[in-house]
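Peer 1: Below is the file work.txt, which contains compact mmCIF, C-alpha atoms.
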```txt
# COMPACT_ATOMS: atom_id res chain seq x y z
CA MET I 151 24.12 13.17 41.97
CA SER I 152 25.06 13.39 38.30
CA SER I 153 22.47 13.92 35.62
CA ALA I 154 23.51 10.60 34.06
CA SER I 155 22.02 8.69 36.98
CA THR I 156 18.76 10.64 37.01
CA PRO I 157 15.88 8.29 36.22
CA ASP I 158 13.53 9.01 33.32
CA LEU I 159 10.53 10.55 35.02
CA PRO I 160 7.13 11.13 33.44
CA GLU I 161 6.89 14.52 31.76
CA LYS I 162 3.82 16.70 31.51
CA ALA I 163 1.74 15.50 28.60
CA PRO I 164 1.12 18.24 26.03
CA ASP I 165 -2.52 19.00 25.40
CA GLU I 166 -3.94 18.78 21.88
CA SER I 167 -3.82 22.54 21.39
CA SER I 168 -0.13 22.87 22.27
CA LYS I 169 0.71 19.79 20.19
CA LEU I 170 -0.96 21.35 17.16
CA LYS I 171 0.77 24.69 17.69
CA THR I 172 4.15 22.96 17.80
CA PHE I 173 3.25 20.84 14.78
CA LEU I 174 2.16 23.96 12.89
CA SER I 175 5.40 25.78 13.69
CA ILE I 176 7.35 22.85 12.22
CA LEU I 177 5.11 22.67 9.15
CA ARG I 178 5.63 26.35 8.36
CA LYS I 179 9.19 25.50 7.38
CA PHE I 180 7.77 23.47 4.49
CA VAL I 181 5.59 26.11 2.86
CA GLY I 182 6.40 25.92 -0.85
CA VAL I 183 7.86 22.41 -0.66
CA SER I 184 6.12 20.38 -3.37
CA ASP I 185 5.97 17.12 -1.38
CA ILE I 186 6.67 17.13 2.34
CA ALA I 187 5.92 13.38 2.52
CA SER I 188 9.07 12.67 0.49
CA VAL I 189 11.13 14.75 2.92
CA ARG I 190 10.19 12.42 5.80
CA PHE I 191 10.82 15.09 8.43
CA SER I 192 11.27 13.89 11.98
CA LEU I 193 8.87 14.98 14.71
CA PRO I 194 9.55 14.96 18.45
CA ALA I 195 7.93 11.96 20.15
CA GLN I 196 5.35 14.01 22.05
CA LEU I 197 3.71 14.93 18.73
CA LEU I 198 3.35 11.31 17.58
CA GLU I 199 0.68 8.76 18.24
CA PRO I 200 2.26 5.52 19.57
CA THR I 201 1.29 3.59 16.43
CA PRO I 202 3.51 2.17 13.67
CA ASN I 203 2.74 3.56 10.23
CA LEU I 204 2.36 0.11 8.65
CA GLU I 205 -0.22 -0.90 11.23
CA TYR I 206 -2.10 2.38 10.85
CA TRP I 207 -2.35 2.21 7.04
CA ASN I 208 -4.72 -0.62 6.32
CA TYR I 209 -8.14 -0.65 4.70
CA LEU I 210 -9.75 -3.23 6.95
CA ASP I 211 -11.54 -1.26 9.63
CA ARG I 212 -14.55 -3.51 8.81
CA PRO I 213 -13.05 -6.70 7.36
CA GLU I 214 -16.43 -8.40 6.98
CA THR I 215 -17.27 -6.01 4.13
CA PHE I 216 -14.09 -7.13 2.37
CA ALA I 217 -14.70 -10.83 2.90
CA SER I 218 -18.26 -10.49 1.55
CA ILE I 219 -17.20 -9.11 -1.83
CA GLY I 220 -18.23 -11.54 -4.58
CA THR I 221 -21.33 -12.89 -2.83
CA SER I 222 -23.80 -11.58 -5.41
CA GLU I 223 -24.54 -13.60 -8.54
CA GLU I 224 -24.96 -10.35 -10.47
CA PRO I 225 -22.07 -8.12 -11.69
CA LEU I 226 -23.88 -5.00 -10.46
CA GLY I 227 -24.39 -6.63 -7.06
CA ARG I 228 -20.67 -7.39 -6.81
CA MET I 229 -19.80 -3.78 -7.67
CA LEU I 230 -22.15 -2.65 -4.91
CA GLU I 231 -20.32 -5.01 -2.51
CA VAL I 232 -17.04 -3.38 -3.54
CA LEU I 233 -18.59 0.03 -2.82
CA ARG I 234 -19.81 -1.15 0.58
CA PHE I 235 -16.22 -2.08 1.41
CA TRP I 236 -14.97 1.25 0.05
CA PHE I 237 -17.12 3.31 2.41
CA THR I 238 -16.02 1.33 5.49
CA LYS I 239 -12.28 1.12 4.85
CA ASP I 240 -11.37 4.39 6.60
CA LEU I 241 -13.56 4.41 9.69
CA LYS I 242 -10.52 5.43 11.74
CA TYR I 243 -10.81 8.96 10.32
CA ILE I 244 -14.56 9.17 10.89
CA LYS I 245 -14.73 7.69 14.39
CA GLY I 246 -11.38 8.94 15.65
CA LYS I 247 -8.92 11.76 15.14
CA PRO I 248 -6.27 11.85 12.41
CA CYS I 249 -2.83 11.13 13.80
CA LYS I 250 0.84 11.08 12.83
CA PRO I 251 2.22 7.54 13.30
CA TYR I 252 5.90 6.55 13.22
CA ASN I 253 7.68 6.78 9.88
CA SER I 254 8.29 3.26 8.57
CA THR I 255 11.84 2.01 8.12
CA LEU I 256 13.12 0.03 5.15
CA GLY I 257 12.38 -3.68 5.62
CA GLU I 258 9.97 -3.12 8.50
CA PHE I 259 6.83 -5.24 8.16
CA PHE I 260 3.48 -5.85 9.82
CA ARG I 261 1.09 -8.82 9.75
CA CYS I 262 -2.27 -9.49 11.36
CA SER I 263 -5.65 -11.11 10.80
CA TRP I 264 -9.35 -10.81 11.59
CA GLU I 265 -11.95 -13.48 12.27
CA VAL I 266 -15.09 -12.58 10.32
CA ASP I 267 -18.30 -14.04 11.69
CA SER I 268 -20.90 -11.52 10.60
CA THR I 269 -23.92 -11.38 8.32
CA LEU I 270 -24.37 -8.55 5.88
CA PRO I 271 -27.69 -7.53 4.33
CA GLU I 272 -28.30 -8.47 0.74
CA LEU I 273 -28.00 -5.69 -1.86
CA PRO I 274 -30.86 -6.23 -4.34
CA VAL I 275 -30.10 -5.30 -7.95
CA SER I 276 -33.64 -5.63 -9.32
CA SER I 277 -36.58 -3.33 -8.71
CA LYS I 278 -38.61 -6.42 -7.72
CA GLU I 279 -36.14 -7.69 -5.13
CA ARG I 280 -36.34 -6.85 -1.47
CA PRO I 281 -33.50 -7.12 1.06
CA VAL I 282 -33.44 -10.38 2.99
CA ASN I 283 -31.88 -10.26 6.45
CA GLY I 284 -28.91 -12.58 6.70
CA ALA I 285 -28.86 -13.41 2.98
CA SER I 286 -25.20 -12.54 2.51
CA THR I 287 -22.70 -14.17 4.83
CA ALA I 288 -18.98 -13.60 5.23
CA LYS I 289 -18.27 -17.22 6.12
CA GLY I 290 -16.36 -19.97 4.44
CA GLY I 291 -18.08 -22.79 2.60
CA ASN I 292 -17.85 -25.04 5.66
CA GLY I 293 -19.88 -22.60 7.77
CA LYS I 294 -16.88 -21.58 9.88
CA PRO I 295 -15.85 -17.94 10.31
CA ALA I 296 -13.66 -16.63 7.50
CA ARG I 297 -10.18 -15.29 8.23
CA VAL I 298 -8.94 -12.10 6.59
CA CYS I 299 -5.13 -11.89 6.46
CA PHE I 300 -3.01 -8.76 6.05
CA LEU I 301 0.72 -8.46 5.22
CA THR I 302 2.59 -5.24 4.49
CA GLU I 303 6.26 -4.30 4.14
CA GLN I 304 8.14 -1.03 3.66
CA THR I 305 9.73 -1.66 0.26
CA SER I 306 11.25 1.77 -0.45
CA HIS I 307 12.56 4.64 1.66
CA HIS I 308 13.17 7.27 -1.05
CA PRO I 309 10.38 7.66 -2.01
CA PRO I 310 8.60 6.15 1.02
CA VAL I 311 6.51 3.26 -0.35
CA SER I 312 4.99 0.19 1.27
CA ALA I 313 3.45 -2.85 -0.43
CA PHE I 314 0.45 -4.68 1.00
CA TYR I 315 -1.47 -7.88 0.37
CA ILE I 316 -4.89 -8.82 1.78
CA ASP I 317 -6.30 -12.32 1.48
CA CYS I 318 -9.50 -14.10 2.48
CA PRO I 319 -9.02 -17.61 1.05
CA ASP I 320 -12.33 -18.82 2.50
CA THR I 321 -14.31 -16.49 0.23
CA GLY I 322 -11.76 -16.17 -2.59
CA VAL I 323 -11.19 -12.43 -2.26
CA SER I 324 -7.75 -10.80 -2.25
CA ALA I 325 -6.36 -7.30 -2.66
CA ARG I 326 -2.97 -5.71 -3.17
CA GLY I 327 -1.35 -2.38 -3.89
CA PHE I 328 1.30 0.15 -2.96
CA ASP I 329 0.75 2.81 -0.33
CA GLN I 330 2.48 6.12 -0.97
CA ILE I 331 1.21 9.60 -0.27
CA SER I 332 2.15 13.02 -1.54
CA ALA I 333 1.57 15.87 0.90
CA LYS I 334 1.72 19.64 0.51
CA PHE I 335 1.28 22.25 3.25
CA THR I 336 -0.79 25.18 2.03
CA GLY I 337 -0.36 27.34 5.12
CA THR I 338 -3.73 26.47 6.64
CA SER I 339 -4.12 22.76 5.77
CA ILE I 340 -2.25 19.77 4.39
CA ARG I 341 -3.32 18.37 1.03
CA VAL I 342 -2.74 14.60 0.92
CA ALA I 343 -2.91 12.78 -2.41
CA PRO I 344 -1.74 9.41 -3.79
CA GLY I 345 1.95 9.30 -4.74
CA GLN I 346 3.09 8.27 -8.21
CA HIS I 347 3.43 4.59 -7.23
CA ASN I 348 0.01 4.47 -5.53
CA LEU I 349 -2.38 3.44 -8.29
CA GLY I 350 -5.08 2.34 -5.87
CA ILE I 351 -6.39 -0.89 -4.38
CA PHE I 352 -6.61 -3.87 -6.72
CA ILE I 353 -9.25 -6.40 -5.64
CA ASN I 354 -9.47 -9.89 -7.15
CA ILE I 355 -12.40 -12.33 -6.82
CA SER I 356 -11.03 -15.78 -7.71
CA LYS I 357 -14.47 -17.45 -7.52
CA ARG I 358 -15.83 -15.02 -10.13
CA ASP I 359 -13.41 -15.87 -12.93
CA ASP I 360 -10.72 -13.64 -11.40
CA GLU I 361 -12.65 -10.41 -11.73
CA GLU I 362 -10.35 -7.50 -10.89
CA TYR I 363 -11.44 -4.14 -9.54
CA GLN I 364 -9.18 -1.08 -9.38
CA LEU I 365 -10.16 1.49 -6.74
CA THR I 366 -8.34 4.82 -6.96
CA HIS I 367 -7.90 7.19 -4.02
CA PRO I 368 -9.18 10.79 -3.92
CA ALA I 369 -7.10 13.64 -2.56
CA ALA I 370 -7.99 14.82 0.94
CA HIS I 371 -7.28 17.83 3.12
CA LEU I 372 -6.18 17.71 6.74
CA GLY I 373 -7.59 20.89 8.25
CA GLY I 374 -8.22 22.41 11.65
CA LEU I 375 -4.54 23.18 12.27
CA LEU I 376 -5.25 26.79 13.19
CA ARG I 377 -8.24 26.17 15.43
CA GLY I 378 -6.69 23.15 17.18
CA ALA I 379 -9.12 20.48 16.00
CA LEU I 380 -7.84 18.21 13.23
CA SER I 381 -10.35 17.00 10.67
CA ILE I 382 -10.27 15.40 7.24
CA SER I 383 -12.31 16.67 4.32
CA VAL I 384 -12.54 15.28 0.80
CA ALA I 385 -13.51 17.26 -2.31
CA ASP I 386 -12.27 15.19 -5.22
CA THR I 387 -13.26 12.50 -7.73
CA CYS I 388 -12.24 8.85 -7.61
CA TYR I 389 -13.01 5.78 -9.73
CA ILE I 390 -13.67 2.06 -9.53
CA VAL I 391 -13.38 -0.03 -12.69
CA CYS I 392 -13.88 -3.70 -13.50
CA PRO I 393 -12.83 -4.37 -17.11
CA LYS I 394 -14.18 -7.95 -17.07
CA THR I 395 -17.76 -6.94 -16.20
CA ARG I 396 -17.37 -3.62 -18.08
CA ILE I 397 -18.78 -1.68 -15.11
CA LYS I 398 -17.33 1.60 -13.83
CA VAL I 399 -18.09 3.89 -10.90
CA ILE I 400 -17.42 7.61 -10.63
CA LEU I 401 -17.60 9.00 -7.08
CA GLN I 402 -17.66 12.75 -6.55
CA TYR I 403 -16.92 13.98 -3.03
CA LEU I 404 -18.58 17.38 -2.75
CA GLU I 405 -16.85 20.48 -1.45
CA GLU I 406 -18.50 22.09 1.55
CA GLY I 407 -19.29 25.78 1.86
CA TRP I 408 -16.91 27.58 4.20
CA ILE I 409 -19.80 28.82 6.34
CA SER I 410 -22.05 25.76 6.37
CA ARG I 411 -21.53 22.76 8.62
CA ALA I 412 -19.73 19.89 6.91
CA GLN I 413 -22.13 17.35 5.42
CA ASN I 414 -19.46 15.03 3.96
CA LYS I 415 -21.64 14.44 0.92
CA VAL I 416 -20.76 12.19 -1.97
CA GLU I 417 -22.62 11.35 -5.15
CA GLY I 418 -21.80 8.83 -7.82
CA VAL I 419 -22.90 6.83 -10.81
CA ILE I 420 -22.46 3.15 -11.70
CA PHE I 421 -22.53 2.58 -15.44
CA ARG I 422 -21.52 0.37 -18.36
CA TYR I 423 -18.28 1.41 -20.04
CA ASP I 424 -15.88 0.26 -22.72
CA PRO I 425 -12.47 -0.54 -21.15
CA GLU I 426 -10.79 -0.05 -24.54
CA LYS I 427 -12.24 3.45 -25.02
CA ASP I 428 -12.55 4.76 -21.50
CA THR I 429 -12.56 8.57 -21.59
CA ILE I 430 -15.41 9.43 -19.20
CA THR I 431 -14.21 11.12 -16.00
CA ARG I 432 -17.24 13.24 -15.01
CA ILE I 433 -20.67 12.15 -13.83
CA LYS I 434 -22.43 14.57 -16.17
CA ASP I 435 -20.77 12.97 -19.21
CA VAL I 436 -22.27 9.51 -18.56
CA GLN I 437 -25.01 8.63 -21.04
CA GLU I 438 -28.33 7.99 -19.30
CA GLY I 439 -28.78 4.74 -21.21
CA ASP I 440 -25.55 3.36 -19.72
CA VAL I 441 -26.48 4.11 -16.09
CA LEU I 442 -27.05 1.05 -13.88
CA ALA I 443 -27.46 2.86 -10.57
CA LYS I 444 -26.75 6.13 -8.80
CA VAL I 445 -25.10 6.58 -5.42
CA SER I 446 -25.66 9.36 -2.87
CA GLY I 447 -25.39 10.14 0.81
CA SER I 448 -22.82 10.98 3.45
CA TRP I 449 -19.59 9.05 3.83
CA HIS I 450 -19.86 9.80 7.55
CA GLY I 451 -23.40 8.45 7.76
CA LYS I 452 -25.76 6.63 5.41
CA MET I 453 -24.97 5.84 1.78
CA TYR I 454 -27.74 4.86 -0.65
CA TYR I 455 -27.98 3.49 -4.18
CA THR I 456 -30.88 3.95 -6.59
CA LEU I 457 -31.30 1.47 -9.44
CA ALA I 458 -31.77 2.82 -12.96
CA GLY I 459 -35.45 3.23 -13.84
CA THR I 460 -36.48 3.52 -10.19
CA SER I 461 -36.80 6.38 -7.73
CA GLU I 462 -36.54 4.44 -4.47
CA PRO I 463 -33.14 4.77 -2.74
CA ARG I 464 -31.89 1.60 -1.05
CA LEU I 465 -29.47 1.52 1.85
CA LEU I 466 -25.94 0.57 0.83
CA ILE I 467 -24.25 1.04 4.21
CA ASP I 468 -24.89 2.90 7.47
CA ILE I 469 -21.59 4.10 8.93
CA GLY I 470 -23.24 5.42 12.11
CA PRO I 471 -23.14 2.28 14.30
CA LEU I 472 -19.83 0.97 12.90
CA PHE I 473 -16.41 1.20 14.57
CA PRO I 474 -13.03 -0.28 13.61
CA VAL I 475 -12.68 -3.97 14.47
CA ALA I 476 -9.79 -5.19 16.63
CA LYS I 477 -7.06 -7.17 14.86
CA THR I 478 -5.26 -10.36 15.88
CA LEU I 479 -1.44 -10.16 15.97
CA PRO I 480 1.22 -12.86 16.27
CA PRO I 481 2.26 -13.59 19.87
CA VAL I 482 5.09 -11.30 20.99
CA ASP I 483 7.56 -14.18 21.23
CA THR I 484 7.03 -15.05 17.55
CA GLN I 485 7.38 -11.48 16.25
CA LEU I 486 10.66 -10.65 14.51
CA SER I 487 12.84 -7.72 15.56
CA ASN I 488 11.82 -5.77 12.42
CA GLU I 489 8.11 -6.41 12.93
CA SER I 490 6.40 -3.08 13.56
CA ARG I 491 5.06 -3.59 17.10
CA LYS I 492 8.33 -5.06 18.39
CA PHE I 493 10.56 -2.72 16.35
CA TRP I 494 8.96 0.40 17.87
CA SER I 495 8.17 -1.11 21.29
CA GLY I 496 10.76 0.97 23.18
CA VAL I 497 9.48 4.23 21.70
CA THR I 498 5.86 3.21 22.29
CA GLU I 499 6.45 2.31 25.93
CA ALA I 500 8.25 5.60 26.56
CA ILE I 501 5.43 7.64 24.99
CA LEU I 502 2.76 5.76 26.95
CA ASP I 503 4.77 6.36 30.14
CA LYS I 504 5.03 10.07 29.17
CA ARG I 505 8.83 9.86 29.05
CA TYR I 506 8.96 11.97 25.91
CA SER I 507 12.67 12.85 26.05
CA GLN I 508 13.56 9.15 26.22
CA ALA I 509 11.10 8.36 23.40
CA THR I 510 12.64 11.04 21.18
CA LYS I 511 16.12 9.75 21.98
CA LEU I 512 15.19 6.16 21.05
CA LYS I 513 13.46 7.36 17.90
CA MET I 514 16.54 9.35 16.83
CA GLU I 515 18.74 6.30 17.45
CA ILE I 516 16.54 4.26 15.11
CA GLU I 517 16.71 6.97 12.44
CA ASP I 518 20.49 7.29 12.77
CA ARG I 519 20.85 3.52 12.46
CA GLN I 520 18.83 3.54 9.25
CA ARG I 521 21.00 6.27 7.74
CA GLN I 522 24.12 4.34 8.70
CA LYS I 523 22.85 1.14 7.07
CA ALA I 524 21.90 3.05 3.91
CA ALA I 525 25.40 4.56 3.76
CA GLU I 526 26.98 1.11 4.19
CA ARG I 527 24.89 -0.31 1.34
CA GLN I 528 25.85 2.58 -0.89
CA GLU I 529 29.52 2.15 -0.06
CA LYS I 530 29.34 -1.56 -0.91
CA ASN I 531 27.17 -0.85 -3.97
CA GLU I 532 24.52 -3.21 -2.61
CA GLU I 533 20.94 -3.10 -3.86
CA TRP I 534 18.32 -3.60 -1.16
CA LYS I 535 15.45 -5.97 -1.98
CA PRO I 536 12.22 -6.60 -0.03
CA ARG I 537 11.71 -9.92 1.71
CA PHE I 538 8.00 -10.51 1.19
CA PHE I 539 7.45 -8.85 -2.20
CA THR I 540 9.27 -9.28 -5.49
CA GLY I 541 9.99 -5.59 -6.10
CA THR I 542 10.13 -2.23 -4.36
CA VAL I 543 7.65 -0.67 -6.79
CA THR I 544 6.10 -1.80 -10.07
CA PRO I 545 4.86 0.22 -13.05
CA LEU I 546 1.39 -1.33 -12.71
CA GLY I 547 1.05 -0.58 -9.00
CA LYS I 548 0.29 -4.24 -8.24
CA PRO I 549 2.95 -5.86 -6.01
CA ALA I 550 3.56 -9.60 -6.24
CA LEU I 551 4.40 -11.81 -3.26
CA SER I 552 7.81 -13.46 -3.12
CA GLU I 553 8.22 -17.06 -1.93
CA GLU I 554 8.79 -15.70 1.58
CA GLY I 555 5.67 -13.56 1.21
CA VAL I 556 3.56 -16.58 0.26
CA LYS I 557 4.98 -18.44 3.26
CA ALA I 558 4.27 -15.50 5.59
CA LEU I 559 0.69 -15.14 4.34
CA GLU I 560 0.05 -18.85 4.78
CA GLY I 561 1.45 -18.55 8.31
CA ILE I 562 -1.04 -15.79 9.10
CA ARG I 563 -3.90 -17.90 7.75
CA THR I 564 -2.92 -20.97 9.79
CA GLN I 565 -1.58 -18.92 12.73
CA GLN I 566 1.79 -20.62 12.37
CA TYR I 567 3.81 -17.42 12.65
CA HIS I 568 7.41 -18.65 12.73
CA LEU I 569 9.76 -16.86 10.32
CA ASP I 570 13.57 -16.96 10.15
CA GLU I 571 15.13 -14.03 12.01
CA SER I 572 18.35 -14.43 10.01
CA GLU I 573 16.52 -13.40 6.80
CA ILE I 574 15.92 -9.86 8.07
CA LYS I 575 16.93 -7.13 5.62
CA GLY I 576 17.06 -3.38 6.14
CA ALA I 577 15.49 -2.61 9.52
```
Once you've parsed the file, please lay out its structure as structure tokens.

Peer 2:
Amino acid sequence: MSSASTPDLPEKAPDESSKLKTFLSILRKFVGVSDIASVRFSLPAQLLEPTPNLEYWNYLDRPETFASIGTSEEPLGRMLEVLRFWFTKDLKYIKGKPCKPYNSTLGEFFRCSWEVDSTLPELPVSSKERPVNGASTAKGGNGKPARVCFLTEQTSHHPPVSAFYIDCPDTGVSARGFDQISAKFTGTSIRVAPGQHNLGIFINISKRDDEEYQLTHPAAHLGGLLRGALSISVADTCYIVCPKTRIKVILQYLEEGWISRAQNKVEGVIFRYDPEKDTITRIKDVQEGDVLAKVSGSWHGKMYYTLAGTSEPRLLIDIGPLFPVAKTLPPVDTQLSNESRKFWSGVTEAILDKRYSQATKLKMEIEDRQRQKAAERQEKNEEWKPRFFTGTVTPLGKPALSEEGVKALEGIRTQQYHLDESEIKGA
């Protein structure tokens, strides 16, 4: 019997230790490379998690915290609601292991939604107030559950950039931004930081006179490569600003001692600032008279805020009992061929069946096809344009939806998912 007729049989699944050793041997080739994320190196399928990159990169592990932004009548209360969302957006790293998903292809997109029917505790902003159970609801004005919609598209391949848009029309909250990371291998860990086009998450509250909040990302380190147990640590500063309310937040993620057990501590300050003369980047430089509240705790556990003039910490969010919420996707028969789940379905099925050689083969075919399409565009001098967003990147880091993007987002909201297959570009 020829080898060509040999069926694809399940292969022995590599354990986590051997996967990391193989991964580390590949990474060693990139010591000294300033940004390995821009290289987009290809990994064998057995080292990948069967998850598309565009599905993996979202900030809605707890969508009810997003939908509830803007509930408070007070500007400080709304900033606290933004912070509550901030500390829940990456539960996947706290509750699960970091993973390497598939590299996105140009024109690939992903869409999904969540039904939010949950009550969040009120965040008092006065020393005389006390939390009231069930005071803040993430429901629409008609009492029905609110729907949070998510749309993202790979808009650039070199450098790898994706645009995203989040919308909760029932509560008037939306968000947008570009996702791009810069990664450098130090020899013992990988430092991951925002790329030049990633200026953070931009949140808009339409029912609060279009207040806009910019949330910047801190750099993080992916460690545990040598001991075979991946973990993420953060020791950096990030910022949240709202020019309209003139409130700013500085969050300082504290570096752990190399001997002590990781505490994942973070401290911060919420204060009044002048958007026209904003030069304060360190907590210690904030004038005491401008402080509205202080933040402290563990981003793996409980986070607290303490109002200015008081000494009693109040609970902002308890991460302990929270886990990522399942998403709702379009039915398979309505997904387009360049929609992430369907686009990578062959590779995913092969990995799940432990047919790693077949998965790697299918993955390489996809990558070769992308290179061929890019060469054809270059030969014809054709400029590729995204379908759902108006540009590949923007100087302000805030992508705008195209007409097709508006249509797609409305389809997610109404669960009318039909889109024209003939309009596919890139993937």

Peer 1: For a test of reading the model, state the distance in Å between CA of Phe328 in chain I and CA of Trp236 in chain I, rounded to one decimal.

Peer 2: 16.6 Å

Peer 1: Neighbourhood query: residues within 12 Å of (-23.8, 8.4, 1.9), file coordinates, counting all atoms listed in the file; return as a VMD selection string.

Peer 2: chain I and resid 233 to 234 236 to 238 401 to 404 413 to 418 444 to 456 463 to 470

Peer 1: Nearest residue to Glu361 in chain I out of I:Ala458, I:Arg228, I:Pro202, I:Asp329, using only C-alpha atoms?

Peer 2: I:Arg228

Peer 1: Taking (16.7, 8.2, 21.6) in the file's coordinates, which residues come within 12 Å, counting only C-alpha atoms, written as a ChimeraX atom specification?

Peer 2: /I:194-195,494,496-498,500-501,505-519

Peer 1: Rounded to one decimal, what separation in Å do you get between CA of Ser383 in chain I and CA of Pro368 in chain I?

Peer 2: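 Spanning CA of Ser383 in chain I to CA of Pro368 in chain I is a straight-line distance of 10.6 Å.
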
Peer 1: Can you pull out every residue within 8 Å of range 252-263 of chain I, counting all atoms listed in the file, but drop anything in the same chain fewer than 6 positions away, and send it as number ranges by chain?

Peer 2: I: 190, 198-205, 297-307, 477-480, 488-491, 493, 520, 536-537, 562-563, 574-577

Peer 1: Given the choices I:Leu174, I:Leu230, I:Ala217, I:Val342, which gets closest to Ala369 in chain I if the distance is worked out from only C-alpha atoms?

Peer 2: I:Val342

Peer 1: Would you compute the distance between CA of Pro481 in chain I and CA of Trp264 in chain I? Give it in Å to one decimal.

Peer 2: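 Computing it gives 14.5 Å between the two atoms.
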
Peer 1: For Gly322 in chain I, which of I:Leu546, I:Leu559, I:Val441, I:Ile219 is the closest residue, counting only C-alpha atoms?

Peer 2: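 Using only C-alpha atoms, the shortest distance to Gly322 in chain I belongs to I:Ile219.
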
Peer 1: For Asn348 in chain I, list every protein, DNA or RNA residue within 12 Å, evaluated using all atoms listed in the file, and leave out those in the same chain fewer than 5 positions away; present the list as a ChimeraX atom specification.

Peer 2: /I:309-314,326-332,343,364-369,543-549

Peer 1: Considering all atoms listed in the file, state which residue in the set I:Ile340, I:Val183, I:Ile397, I:Leu193 is at the smallest distance from Gly227 in chain I.

Peer 2: I:Ile397

Peer 1: Which residue gives the smallest distance to Arg422 in chain I among I:Glu405, I:Glu529, I:Asp440, I:Glu214, with all atoms listed in the file counted?

Peer 2: I:Asp440

Peer 1: Tell me, as a list in words, which residues lie within 12 Å of Lys557 in chain I, counting only C-alpha atoms; anything in the same chain fewer than 4 positions away does not count.

Peer 2: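 In the requested form, the answer reads Leu301, Arg537, Phe538, Phe539, Leu551, Ser552, Glu553, Gly561, Ile562, Arg563, Thr564, Gln565, Gln566, Tyr567, His568, Leu569 and Asp570 of chain I.
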
Peer 1: Go ahead and write the residues just picked, C-alpha atoms, as a tab-separated table (two decimals), keeping the file's coordinate frame.

Peer 2:
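Written file, again_7.tsv:
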```
chain	number	residue	atom	x	y	z
I	301	LEU	CA	0.72	-8.46	5.22
I	537	ARG	CA	11.71	-9.92	1.71
I	538	PHE	CA	8.00	-10.51	1.19
I	539	PHE	CA	7.45	-8.85	-2.20
I	551	LEU	CA	4.40	-11.81	-3.26
I	552	SER	CA	7.81	-13.46	-3.12
I	553	GLU	CA	8.22	-17.06	-1.93
I	561	GLY	CA	1.45	-18.55	8.31
I	562	ILE	CA	-1.04	-15.79	9.10
I	563	ARG	CA	-3.90	-17.90	7.75
I	564	THR	CA	-2.92	-20.97	9.79
I	565	GLN	CA	-1.58	-18.92	12.73
I	566	GLN	CA	1.79	-20.62	12.37
I	567	TYR	CA	3.81	-17.42	12.65
I	568	HIS	CA	7.41	-18.65	12.73
I	569	LEU	CA	9.76	-16.86	10.32
I	570	ASP	CA	13.57	-16.96	10.15
```

Peer 1: Excluding Ala476 in chain I and residues on its chain fewer than 5 positions from it, collect all residues at most 10 Å away from it, counting all atoms listed in the file, and give them as a ChimeraX atom specification.

Peer 2: /I:210-213,263-265

Peer 1: Can you write out the residues you just picked, keeping C-alpha atoms, as a CSV table (one decimal), in the coordinates of the input?

Peer 2:
```csv
chain,number,residue,atom,x,y,z
I,210,LEU,CA,-9.8,-3.2,7.0
I,211,ASP,CA,-11.5,-1.3,9.6
I,212,ARG,CA,-14.6,-3.5,8.8
I,213,PRO,CA,-13.0,-6.7,7.4
I,263,SER,CA,-5.6,-11.1,10.8
I,264,TRP,CA,-9.4,-10.8,11.6
I,265,GLU,CA,-12.0,-13.5,12.3
```

Peer 1: Restricting the calculation to only C-alpha atoms, which member of I:His347, I:Pro251, I:Thr484, I:Ser461 is positioned closest to Thr542 in chain I?

Peer 2: I:His347
